[in-house]
file input-v6.cif (mmCIF, C-alpha atoms)
data_entry
#
loop_
_atom_site.group_PDB
_atom_site.id
_atom_site.type_symbol
_atom_site.label_atom_id
_atom_site.label_comp_id
_atom_site.auth_asym_id
_atom_site.auth_seq_id
_atom_site.Cartn_x
_atom_site.Cartn_y
_atom_site.Cartn_z
ATOM 1 C CA MET D 265 -3.869 30.421 5.777
ATOM 2 C CA ARG D 266 -7.319 31.398 4.581
ATOM 3 C CA VAL D 267 -10.339 29.391 5.691
ATOM 4 C CA THR D 268 -11.265 28.456 2.119
ATOM 5 C CA GLU D 269 -7.763 27.105 1.452
ATOM 6 C CA ARG D 270 -7.795 25.110 4.687
ATOM 7 C CA LEU D 271 -11.174 23.613 3.877
ATOM 8 C CA PHE D 272 -9.925 22.735 0.395
ATOM 9 C CA ARG D 273 -6.925 20.927 1.861
ATOM 10 C CA LEU D 274 -9.054 19.124 4.409
ATOM 11 C CA PHE D 275 -11.799 17.869 2.135
ATOM 12 C CA VAL D 276 -10.191 17.266 -1.275
ATOM 13 C CA PRO D 277 -8.205 14.119 -0.280
ATOM 14 C CA PRO D 278 -11.277 12.424 1.274
ATOM 15 C CA ALA D 279 -13.308 13.524 -1.745
ATOM 16 C CA ILE D 280 -10.786 11.760 -3.989
ATOM 17 C CA GLY D 281 -11.292 8.659 -1.866
ATOM 18 C CA VAL D 282 -15.071 8.870 -2.185
ATOM 19 C CA PHE D 283 -14.712 9.347 -5.948
ATOM 20 C CA MET D 284 -12.571 6.216 -6.280
ATOM 21 C CA VAL D 285 -15.017 4.146 -4.236
ATOM 22 C CA LEU D 286 -17.881 5.459 -6.365
ATOM 23 C CA LEU D 287 -15.918 4.601 -9.517
ATOM 24 C CA PHE D 288 -15.520 0.999 -8.395
ATOM 25 C CA TYR D 289 -19.208 0.917 -7.462
ATOM 26 C CA LEU D 290 -20.166 1.993 -10.980
ATOM 27 C CA LEU D 291 -17.711 -0.287 -12.802
ATOM 28 C CA LEU D 292 -17.998 -3.518 -10.807
ATOM 29 C CA PRO D 293 -20.996 -5.741 -10.083
ATOM 30 C CA TYR D 294 -22.249 -5.207 -6.553
ATOM 31 C CA ASP D 295 -20.851 -8.485 -5.160
ATOM 32 C CA TYR D 296 -17.366 -7.761 -6.490
ATOM 33 C CA PHE D 297 -17.569 -4.130 -5.412
ATOM 34 C CA MET D 298 -18.254 -5.207 -1.820
ATOM 35 C CA LYS D 299 -15.234 -7.507 -1.881
ATOM 36 C CA VAL D 300 -12.942 -4.774 -3.193
ATOM 37 C CA ALA D 301 -14.394 -2.189 -0.799
ATOM 38 C CA GLY D 302 -13.865 -4.585 2.098
ATOM 39 C CA ALA D 303 -10.184 -5.009 1.187
ATOM 40 C CA MET D 304 -9.794 -1.233 0.871
ATOM 41 C CA PHE D 305 -11.305 -0.741 4.327
ATOM 42 C CA LEU D 306 -9.150 -3.457 5.909
ATOM 43 C CA TYR D 307 -6.048 -1.794 4.462
ATOM 44 C CA PHE D 308 -6.541 0.917 7.097
ATOM 45 C CA VAL D 309 -6.565 -1.664 9.922
ATOM 46 C CA PRO D 310 -3.131 -2.786 11.222
ATOM 47 C CA PRO D 311 -1.400 -5.135 10.639
ATOM 48 C CA ALA D 312 -3.060 -5.485 7.232
ATOM 49 C CA GLY D 313 -0.862 -4.140 4.452
ATOM 50 C CA LYS D 314 -0.463 -4.214 0.712
ATOM 51 C CA GLU D 315 1.215 -7.628 0.972
ATOM 52 C CA SER D 316 -2.114 -9.097 2.173
ATOM 53 C CA MET D 317 -4.824 -6.867 0.707
ATOM 54 C CA VAL D 318 -3.498 -6.771 -2.881
ATOM 55 C CA PRO D 319 -3.369 -10.589 -3.151
ATOM 56 C CA ALA D 320 -6.842 -10.750 -1.605
ATOM 57 C CA VAL D 321 -8.290 -8.496 -4.316
ATOM 58 C CA VAL D 322 -6.481 -10.422 -7.071
ATOM 59 C CA VAL D 323 -7.762 -13.790 -5.848
ATOM 60 C CA LEU D 324 -11.308 -12.479 -5.393
ATOM 61 C CA LEU D 325 -11.436 -11.032 -8.925
ATOM 62 C CA LYS D 326 -9.205 -13.377 -10.928
ATOM 63 C CA GLU D 327 -11.904 -15.838 -11.973
ATOM 64 C CA ALA D 328 -14.204 -13.113 -13.246
ATOM 65 C CA TYR D 329 -11.692 -10.575 -14.608
ATOM 66 C CA GLY D 330 -8.592 -12.617 -15.371
ATOM 67 C CA ILE D 331 -5.433 -10.559 -15.820
ATOM 68 C CA TRP D 332 -7.449 -7.356 -15.341
ATOM 69 C CA SER D 333 -7.536 -8.213 -11.646
ATOM 70 C CA ILE D 334 -3.925 -6.951 -11.536
ATOM 71 C CA PRO D 335 -4.618 -3.286 -12.441
ATOM 72 C CA ILE D 336 -7.847 -3.302 -10.407
ATOM 73 C CA ALA D 337 -5.996 -4.464 -7.271
ATOM 74 C CA THR D 338 -3.153 -2.012 -7.949
ATOM 75 C CA LEU D 339 -5.525 0.931 -8.239
ATOM 76 C CA ALA D 340 -7.789 -0.109 -5.348
ATOM 77 C CA ILE D 341 -4.987 -0.330 -2.780
ATOM 78 C CA GLY D 342 -2.275 1.880 -4.267
ATOM 79 C CA TYR D 343 -4.327 5.061 -4.431
ATOM 80 C CA ILE D 344 -4.982 4.907 -0.680
ATOM 81 C CA ASP D 345 -1.322 5.592 0.140
ATOM 82 C CA GLY D 346 -1.302 8.518 -2.271
ATOM 83 C CA MET D 347 -4.511 9.940 -0.798
ATOM 84 C CA VAL D 348 -3.207 9.649 2.775
ATOM 85 C CA ALA D 349 0.114 11.235 1.798
ATOM 86 C CA LEU D 350 -1.695 14.124 0.100
ATOM 87 C CA PHE D 351 -3.795 14.732 3.224
ATOM 88 C CA LEU D 352 -0.689 14.772 5.435
ATOM 89 C CA TYR D 353 1.225 16.948 2.966
ATOM 90 C CA TRP D 354 -1.496 19.598 2.950
ATOM 91 C CA ASN D 355 -2.398 19.452 6.655
ATOM 92 C CA TRP D 356 0.843 18.573 8.455
ATOM 93 C CA ASP D 357 0.764 21.671 10.684
ATOM 94 C CA LEU D 358 -2.882 21.154 11.647
ATOM 95 C CA ILE D 359 -2.513 17.445 12.387
ATOM 96 C CA GLN D 360 0.413 18.051 14.741
ATOM 97 C CA SER D 361 -1.729 20.442 16.815
ATOM 98 C CA ILE D 362 -4.607 17.978 17.347
ATOM 99 C CA PRO D 363 -4.520 16.805 21.029
ATOM 100 C CA VAL D 364 -4.602 13.019 20.549
ATOM 101 C CA ILE D 365 -3.450 12.581 16.957
ATOM 102 C CA GLY D 366 -0.553 15.027 17.199
ATOM 103 C CA PRO D 367 1.279 13.222 20.044
ATOM 104 C CA ALA D 368 0.566 9.857 18.376
ATOM 105 C CA LEU D 369 2.141 11.158 15.182
ATOM 106 C CA LYS D 370 5.192 12.336 17.113
ATOM 107 C CA ARG D 371 5.545 8.914 18.758
ATOM 108 C CA PHE D 372 5.310 7.279 15.355
ATOM 109 C CA GLU D 373 7.967 9.664 14.082
ATOM 110 C CA GLU D 374 10.271 8.722 16.960
ATOM 111 C CA SER D 375 9.708 5.068 16.138
ATOM 112 C CA MET D 376 10.602 5.810 12.517
ATOM 113 C CA ARG D 377 13.805 7.540 13.639
ATOM 114 C CA ARG D 378 14.890 4.393 15.465
ATOM 115 C CA LYS D 379 14.120 2.273 12.426
ATOM 116 C CA MET D 380 16.064 4.669 10.199
ATOM 117 C CA LYS D 381 19.247 3.579 11.943
ATOM 118 C CA LYS D 382 18.705 0.146 10.370
ATOM 119 C CA ARG D 383 17.776 1.586 6.965
ATOM 120 C CA GLU D 384 20.462 4.116 6.190
ATOM 121 C CA TRP D 385 20.038 3.258 2.499
ATOM 122 C CA VAL D 386 16.790 5.267 2.500
ATOM 123 C CA ARG D 387 18.677 8.374 3.616
ATOM 124 C CA ARG D 388 21.434 7.828 1.058
ATOM 125 C CA LEU D 389 19.047 7.276 -1.853
ATOM 126 C CA GLY D 390 16.808 10.250 -1.060
ATOM 127 C CA TYR D 391 13.645 10.275 -3.172
ATOM 128 C CA VAL D 392 14.478 6.904 -4.724
ATOM 129 C CA GLY D 393 14.784 5.546 -1.201
ATOM 130 C CA ILE D 394 11.282 6.834 -0.404
ATOM 131 C CA VAL D 395 9.954 5.104 -3.535
ATOM 132 C CA LEU D 396 11.530 1.793 -2.512
ATOM 133 C CA PHE D 397 10.519 2.198 1.132
ATOM 134 C CA VAL D 398 6.864 2.649 0.178
ATOM 135 C CA ALA D 399 6.930 0.034 -2.593
ATOM 136 C CA PHE D 400 8.128 -2.799 -0.373
ATOM 137 C CA PRO D 401 6.011 -3.754 2.652
ATOM 138 C CA PHE D 402 8.401 -2.760 5.429
ATOM 139 C CA GLN D 403 7.064 -2.058 8.882
ATOM 140 C CA GLY D 404 5.725 1.496 8.962
ATOM 141 C CA SER D 405 5.854 1.929 5.197
ATOM 142 C CA GLY D 406 2.978 3.332 3.185
ATOM 143 C CA GLY D 407 1.536 6.805 2.865
ATOM 144 C CA VAL D 408 1.999 7.764 6.526
ATOM 145 C CA GLY D 409 5.450 6.240 6.916
ATOM 146 C CA GLY D 410 6.683 7.648 3.619
ATOM 147 C CA THR D 411 5.495 11.156 4.491
ATOM 148 C CA ILE D 412 7.147 11.067 7.909
ATOM 149 C CA MET D 413 10.326 9.649 6.402
ATOM 150 C CA GLY D 414 10.496 12.473 3.878
ATOM 151 C CA HIS D 415 9.842 15.010 6.644
ATOM 152 C CA MET D 416 12.645 13.547 8.761
ATOM 153 C CA LEU D 417 15.082 13.650 5.843
ATOM 154 C CA GLY D 418 14.214 17.267 5.086
ATOM 155 C CA LEU D 419 13.193 16.477 1.506
ATOM 156 C CA ASN D 420 10.911 18.627 -0.613
ATOM 157 C CA PRO D 421 7.339 17.693 0.496
ATOM 158 C CA ARG D 422 5.892 17.867 -3.002
ATOM 159 C CA ARG D 423 8.564 15.575 -4.431
ATOM 160 C CA VAL D 424 8.071 13.233 -1.489
ATOM 161 C CA LEU D 425 4.391 13.090 -2.432
ATOM 162 C CA TYR D 426 5.308 12.081 -5.983
ATOM 163 C CA ALA D 427 7.767 9.481 -4.657
ATOM 164 C CA ILE D 428 5.092 7.991 -2.389
ATOM 165 C CA ALA D 429 2.590 7.766 -5.254
ATOM 166 C CA ILE D 430 5.145 6.046 -7.508
ATOM 167 C CA GLY D 431 6.206 3.667 -4.734
ATOM 168 C CA ALA D 432 2.626 2.816 -3.778
ATOM 169 C CA PHE D 433 1.507 1.902 -7.291
ATOM 170 C CA LEU D 434 4.788 0.164 -8.133
ATOM 171 C CA GLY D 435 4.667 -1.964 -4.995
ATOM 172 C CA CYS D 436 0.999 -2.869 -5.443
ATOM 173 C CA PHE D 437 1.557 -3.740 -9.093
ATOM 174 C CA LEU D 438 4.488 -6.069 -8.350
ATOM 175 C CA ILE D 439 2.579 -7.795 -5.550
ATOM 176 C CA ALA D 440 -0.494 -8.116 -7.783
ATOM 177 C CA VAL D 441 1.543 -9.733 -10.584
ATOM 178 C CA ILE D 442 3.185 -12.199 -8.192
ATOM 179 C CA SER D 443 -0.185 -12.999 -6.601
ATOM 180 C CA TYR D 444 -1.841 -13.548 -9.968
ATOM 181 C CA TYR D 445 0.700 -16.109 -11.120
ATOM 182 C CA ALA D 446 1.111 -17.686 -7.687
ATOM 183 C CA TYR D 447 -2.639 -18.286 -7.603
ATOM 184 C CA GLY D 448 -2.438 -19.839 -11.068
ATOM 185 C CA ALA D 449 0.408 -22.013 -9.813
ATOM 186 C CA ALA D 450 -1.697 -23.181 -6.889
ATOM 187 C CA MET D 451 -4.510 -24.121 -9.253
ATOM 188 C CA GLY D 452 -1.975 -26.004 -11.355
ATOM 189 C CA ILE D 453 -0.978 -28.074 -8.341
ATOM 190 C CA LEU D 454 -4.585 -28.869 -7.523
ATOM 191 C CA SER D 455 -5.302 -29.959 -11.078
ATOM 192 C CA GLY D 456 -2.179 -32.149 -11.291
ATOM 193 C CA ASP D 457 -2.459 -32.353 -15.096
ATOM 194 C CA ASN D 458 1.145 -31.361 -15.864
ATOM 195 C CA PRO D 459 3.922 -32.760 -13.589
ATOM 196 C CA VAL D 460 6.475 -30.148 -14.708
ATOM 197 C CA TRP D 461 4.054 -27.306 -14.068
ATOM 198 C CA THR D 462 3.220 -28.838 -10.691
ATOM 199 C CA VAL D 463 6.897 -28.849 -9.628
ATOM 200 C CA LEU D 464 7.371 -25.262 -10.800
ATOM 201 C CA SER D 465 4.172 -24.274 -9.025
ATOM 202 C CA ILE D 466 5.339 -25.768 -5.743
ATOM 203 C CA ALA D 467 8.646 -23.919 -6.068
ATOM 204 C CA LEU D 468 6.912 -20.598 -6.765
ATOM 205 C CA ILE D 469 4.458 -20.982 -3.903
ATOM 206 C CA THR D 470 7.323 -21.874 -1.544
ATOM 207 C CA VAL D 471 9.210 -18.714 -2.503
ATOM 208 C CA VAL D 472 6.112 -16.570 -2.002
ATOM 209 C CA ALA D 473 5.331 -18.208 1.355
ATOM 210 C CA VAL D 474 8.888 -17.639 2.616
ATOM 211 C CA ALA D 475 8.769 -14.019 1.471
ATOM 212 C CA ILE D 476 5.480 -13.430 3.309
ATOM 213 C CA TRP D 477 6.866 -15.103 6.438
ATOM 214 C CA ILE D 478 9.936 -12.834 6.386
ATOM 215 C CA ILE D 479 7.777 -9.733 5.919
ATOM 216 C CA TYR D 480 5.491 -10.554 8.843
ATOM 217 C CA ARG D 481 8.447 -11.467 11.049
ATOM 218 C CA ARG D 482 9.937 -8.054 10.403
ATOM 219 C CA LYS D 483 6.592 -6.445 11.213
ATOM 220 C CA SER D 484 6.327 -8.232 14.533
ATOM 221 C CA PRO D 485 7.479 -6.261 17.620
#
call {"tool": "encode", "arguments": {"input": "input-v6.cif", "output": "structure tokens"}}
result
Amino acid sequence: MRVTERLFRLFVPPAIGVFMVLLFYLLLPYDYFMKVAGAMFLYFVPPAGKESMVPAVVVLLKEAYGIWSIPIATLAIGYIDGMVALFLYWNWDLIQSIPVIGPALKRFEESMRRKMKKREWVRRLGYVGIVLFVAFPFQGSGGVGGTIMGHMLGLNPRRVLYAIAIGAFLGCFLIAVISYYAYGAAMGILSGDNPVWTVLSIALITVVAVAIWIIYRRKSP
């Protein structure tokens, strides 16, 4: 591989990330930009995932941007998985040869192999399985997990990249929609103006809370 091509593969994905951050900086007031940027940064820190960072962005922006907080949260968090997957797709051979990162990646791959025994549906569904695996906040899902899963299954890397992008934005969008209306439900309970809406709000919040509890229990060792 030529040096220019390697440099292109190394620096384009981070450049896309810088561009997206700059875009949010230009489009959002500084206070809101810092909140969104903080959520984007925390998304890289385990055990934070889309199930926590997407709702955080929605809640932080809902009062100022209303329903537009949904696409903003989807774009802010979803593109990160796509960017990471693109970096791995272009630099898989190089990353495996790095002294510390390479062995860590292999250990993560072995961990994914053990988890695959419990998720045979991903293998059976192929690319659709990758989409669903990335979309829903399973342990190890996301750009890294989706890329390794596709590599383990022997799927076409480029199509895996597309599947990860679709799954990332789909998952973030669904979580953002649920968060938007769950937050509205919580405000309905606090206001107490409509008894019917209050009962429905309690039911919705209970469902969301149980779902989050199940997700984090599955993520625990």
call {"tool": "resolve_selection", "arguments": {"input": "input-v6.cif", "expression": "the PyMOL selection byres ((chain D and resi 348) around 12)", "output": "mmCIF file with C-alpha atoms, in the coordinates of the input"}}
result
data_model
loop_
_atom_site.group_PDB
_atom_site.id
_atom_site.type_symbol
_atom_site.label_atom_id
_atom_site.label_comp_id
_atom_site.auth_asym_id
_atom_site.auth_seq_id
_atom_site.Cartn_x
_atom_site.Cartn_y
_atom_site.Cartn_z
ATOM 1 C CA ARG D 273 -6.925 20.927 1.861
ATOM 2 C CA LEU D 274 -9.054 19.124 4.409
ATOM 3 C CA PHE D 275 -11.799 17.869 2.135
ATOM 4 C CA VAL D 276 -10.191 17.266 -1.275
ATOM 5 C CA PRO D 277 -8.205 14.119 -0.280
ATOM 6 C CA PRO D 278 -11.277 12.424 1.274
ATOM 7 C CA ALA D 279 -13.308 13.524 -1.745
ATOM 8 C CA ILE D 280 -10.786 11.760 -3.989
ATOM 9 C CA GLY D 281 -11.292 8.659 -1.866
ATOM 10 C CA TYR D 307 -6.048 -1.794 4.462
ATOM 11 C CA PHE D 308 -6.541 0.917 7.097
ATOM 12 C CA ILE D 341 -4.987 -0.330 -2.780
ATOM 13 C CA GLY D 342 -2.275 1.880 -4.267
ATOM 14 C CA TYR D 343 -4.327 5.061 -4.431
ATOM 15 C CA ILE D 344 -4.982 4.907 -0.680
ATOM 16 C CA ASP D 345 -1.322 5.592 0.140
ATOM 17 C CA GLY D 346 -1.302 8.518 -2.271
ATOM 18 C CA MET D 347 -4.511 9.940 -0.798
ATOM 19 C CA ALA D 349 0.114 11.235 1.798
ATOM 20 C CA LEU D 350 -1.695 14.124 0.100
ATOM 21 C CA PHE D 351 -3.795 14.732 3.224
ATOM 22 C CA LEU D 352 -0.689 14.772 5.435
ATOM 23 C CA TYR D 353 1.225 16.948 2.966
ATOM 24 C CA TRP D 354 -1.496 19.598 2.950
ATOM 25 C CA ASN D 355 -2.398 19.452 6.655
ATOM 26 C CA TRP D 356 0.843 18.573 8.455
ATOM 27 C CA GLY D 406 2.978 3.332 3.185
ATOM 28 C CA GLY D 407 1.536 6.805 2.865
ATOM 29 C CA VAL D 408 1.999 7.764 6.526
ATOM 30 C CA GLY D 409 5.450 6.240 6.916
ATOM 31 C CA GLY D 410 6.683 7.648 3.619
ATOM 32 C CA THR D 411 5.495 11.156 4.491
ATOM 33 C CA ILE D 412 7.147 11.067 7.909
ATOM 34 C CA LEU D 425 4.391 13.090 -2.432
ATOM 35 C CA ILE D 428 5.092 7.991 -2.389
ATOM 36 C CA ALA D 429 2.590 7.766 -5.254
ATOM 37 C CA ALA D 432 2.626 2.816 -3.778
#
call {"tool": "atom_distance", "arguments": {"input": "input-v6.cif", "atom1": "CA of Phe397 in chain D", "atom2": "CA of Ile336 in chain D"}}
result
22.4 Å
call {"tool": "resolve_selection", "arguments": {"input": "input-v6.cif", "expression": "the PyMOL selection byres ((chain D and resi 370) around 12)", "output": "PDB file with C-alpha atoms, keeping the file's coordinate frame"}}
result
ATOM      1  CA  TRP D 356       0.843  18.573   8.455  1.00  0.00           C
ATOM      2  CA  ILE D 359      -2.513  17.445  12.387  1.00  0.00           C
ATOM      3  CA  GLN D 360       0.413  18.051  14.741  1.00  0.00           C
ATOM      4  CA  SER D 361      -1.729  20.442  16.815  1.00  0.00           C
ATOM      5  CA  ILE D 362      -4.607  17.978  17.347  1.00  0.00           C
ATOM      6  CA  PRO D 363      -4.520  16.805  21.029  1.00  0.00           C
ATOM      7  CA  VAL D 364      -4.602  13.019  20.549  1.00  0.00           C
ATOM      8  CA  ILE D 365      -3.450  12.581  16.957  1.00  0.00           C
ATOM      9  CA  GLY D 366      -0.553  15.027  17.199  1.00  0.00           C
ATOM     10  CA  PRO D 367       1.279  13.222  20.044  1.00  0.00           C
ATOM     11  CA  ALA D 368       0.566   9.857  18.376  1.00  0.00           C
ATOM     12  CA  LEU D 369       2.141  11.158  15.182  1.00  0.00           C
ATOM     13  CA  ARG D 371       5.545   8.914  18.758  1.00  0.00           C
ATOM     14  CA  PHE D 372       5.310   7.279  15.355  1.00  0.00           C
ATOM     15  CA  GLU D 373       7.967   9.664  14.082  1.00  0.00           C
ATOM     16  CA  GLU D 374      10.271   8.722  16.960  1.00  0.00           C
ATOM     17  CA  SER D 375       9.708   5.068  16.138  1.00  0.00           C
ATOM     18  CA  MET D 376      10.602   5.810  12.517  1.00  0.00           C
ATOM     19  CA  ARG D 377      13.805   7.540  13.639  1.00  0.00           C
ATOM     20  CA  VAL D 408       1.999   7.764   6.526  1.00  0.00           C
ATOM     21  CA  GLY D 409       5.450   6.240   6.916  1.00  0.00           C
ATOM     22  CA  ILE D 412       7.147  11.067   7.909  1.00  0.00           C
ATOM     23  CA  HIS D 415       9.842  15.010   6.644  1.00  0.00           C
ATOM     24  CA  MET D 416      12.645  13.547   8.761  1.00  0.00           C
TER      25      MET D 416
END
call {"tool": "closest_residue", "arguments": {"input": "input-v6.cif", "among": "D:Leu339, D:Leu271, D:Leu417, D:Leu286", "to": "Ile430 in chain D", "atoms": "all atoms listed in the file"}}
result
D:Leu339
call {"tool": "residues_around", "arguments": {"input": "input-v6.cif", "residues": "range 323-327 of chain D", "least_positions_apart": "2", "cutoff": "12 Å", "atoms": "all atoms listed in the file", "output": "JSON, numbers by chain"}}
result
{"D": [292, 293, 295, 296, 297, 298, 299, 300, 301, 302, 303, 316, 317, 318, 319, 320, 321, 329, 330, 331, 332, 333, 334, 335, 336, 337, 439, 440, 441, 442, 443, 444, 445, 446, 447, 448, 450, 451]}
call {"tool": "atom_distance", "arguments": {"input": "input-v6.cif", "atom1": "CA of Tyr289 in chain D", "atom2": "CA of Phe305 in chain D"}}
result
14.3 Å
call {"tool": "closest_residue", "arguments": {"input": "input-v6.cif", "among": "D:Val285, D:Ala399, D:Ala340, D:Ile394", "to": "Val424 in chain D", "atoms": "only C-alpha atoms"}}
result
D:Ile394
call {"tool": "axis_aligned_box", "arguments": {"input": "input-v6.cif", "around": "range 281-300 of chain D", "padding_each_side": "3 Å", "output": "lines of an AutoDock Vina configuration file"}}
result
center_x = -16.8
center_y = 0.4
center_z = -7.3
size_x = 17.0
size_y = 23.8
size_z = 17.0
call {"tool": "atom_distance", "arguments": {"input": "input-v6.cif", "atom1": "CA of Lys314 in chain D", "atom2": "CA of Val398 in chain D"}}
result
10.1 Å
call {"tool": "decode", "arguments": {"input": "input-v6.cif", "residues": "range 297-368 of chain D", "atoms": "C-alpha atoms", "output": "compact mmCIF listing (two decimals), in the first residue's frame"}}
result
# COMPACT_ATOMS: atom_id res chain seq x y z
CA PHE D 297 -22.68 22.96 21.57
CA MET D 298 -20.71 22.20 24.75
CA LYS D 299 -23.50 19.95 26.00
CA VAL D 300 -23.67 18.01 22.74
CA ALA D 301 -19.87 17.82 22.48
CA GLY D 302 -19.70 16.51 26.04
CA ALA D 303 -22.17 13.72 25.23
CA MET D 304 -20.21 12.86 22.08
CA PHE D 305 -16.99 12.62 24.09
CA LEU D 306 -18.59 10.50 26.83
CA TYR D 307 -19.86 8.09 24.17
CA PHE D 308 -16.25 6.92 23.82
CA VAL D 309 -16.00 6.17 27.56
CA PRO D 310 -17.36 2.76 28.70
CA PRO D 311 -19.96 1.89 29.87
CA ALA D 312 -21.66 4.89 28.27
CA GLY D 313 -23.60 3.91 25.16
CA LYS D 314 -26.25 5.19 22.82
CA GLU D 315 -28.94 4.18 25.33
CA SER D 316 -27.61 6.86 27.72
CA MET D 317 -25.99 9.51 25.52
CA VAL D 318 -28.84 9.87 23.00
CA PRO D 319 -31.44 10.53 25.73
CA ALA D 320 -29.01 12.97 27.36
CA VAL D 321 -28.74 15.03 24.16
CA VAL D 322 -32.52 14.95 23.64
CA VAL D 323 -33.25 16.14 27.18
CA LEU D 324 -30.59 18.86 27.01
CA LEU D 325 -31.93 20.24 23.71
CA LYS D 326 -35.67 19.54 23.91
CA GLU D 327 -36.69 22.81 25.56
CA ALA D 328 -34.82 24.92 23.03
CA TYR D 329 -35.24 22.84 19.85
CA GLY D 330 -38.36 20.78 20.46
CA ILE D 331 -38.76 17.82 18.11
CA TRP D 332 -35.58 18.85 16.27
CA SER D 333 -33.67 17.48 19.25
CA ILE D 334 -34.40 14.01 17.80
CA PRO D 335 -32.41 14.38 14.53
CA ILE D 336 -29.68 16.36 16.31
CA ALA D 337 -29.17 13.57 18.88
CA THR D 338 -29.34 10.92 16.14
CA LEU D 339 -26.67 12.64 14.07
CA ALA D 340 -24.44 13.57 17.02
CA ILE D 341 -24.13 10.02 18.36
CA GLY D 342 -24.92 7.88 15.32
CA TYR D 343 -22.16 9.22 13.10
CA ILE D 344 -19.52 8.20 15.67
CA ASP D 345 -20.17 4.49 15.09
CA GLY D 346 -19.94 5.01 11.34
CA MET D 347 -16.69 6.96 11.67
CA VAL D 348 -15.12 4.32 13.92
CA ALA D 349 -16.23 1.52 11.58
CA LEU D 350 -14.75 3.36 8.59
CA PHE D 351 -11.42 3.76 10.40
CA LEU D 352 -11.32 0.05 11.27
CA TYR D 353 -12.41 -0.96 7.77
CA TRP D 354 -9.59 1.00 6.15
CA ASN D 355 -6.87 0.22 8.72
CA TRP D 356 -7.67 -3.27 10.01
CA ASP D 357 -4.26 -4.70 9.05
CA LEU D 358 -2.36 -1.80 10.61
CA ILE D 359 -4.34 -1.80 13.85
CA GLN D 360 -3.71 -5.51 14.41
CA SER D 361 0.06 -4.93 14.20
CA ILE D 362 0.14 -2.18 16.87
CA PRO D 363 1.77 -3.64 20.05
CA VAL D 364 -0.85 -2.71 22.66
CA ILE D 365 -3.97 -2.10 20.57
CA GLY D 366 -3.56 -5.19 18.40
CA PRO D 367 -3.64 -7.73 21.28
CA ALA D 368 -6.49 -5.79 22.92
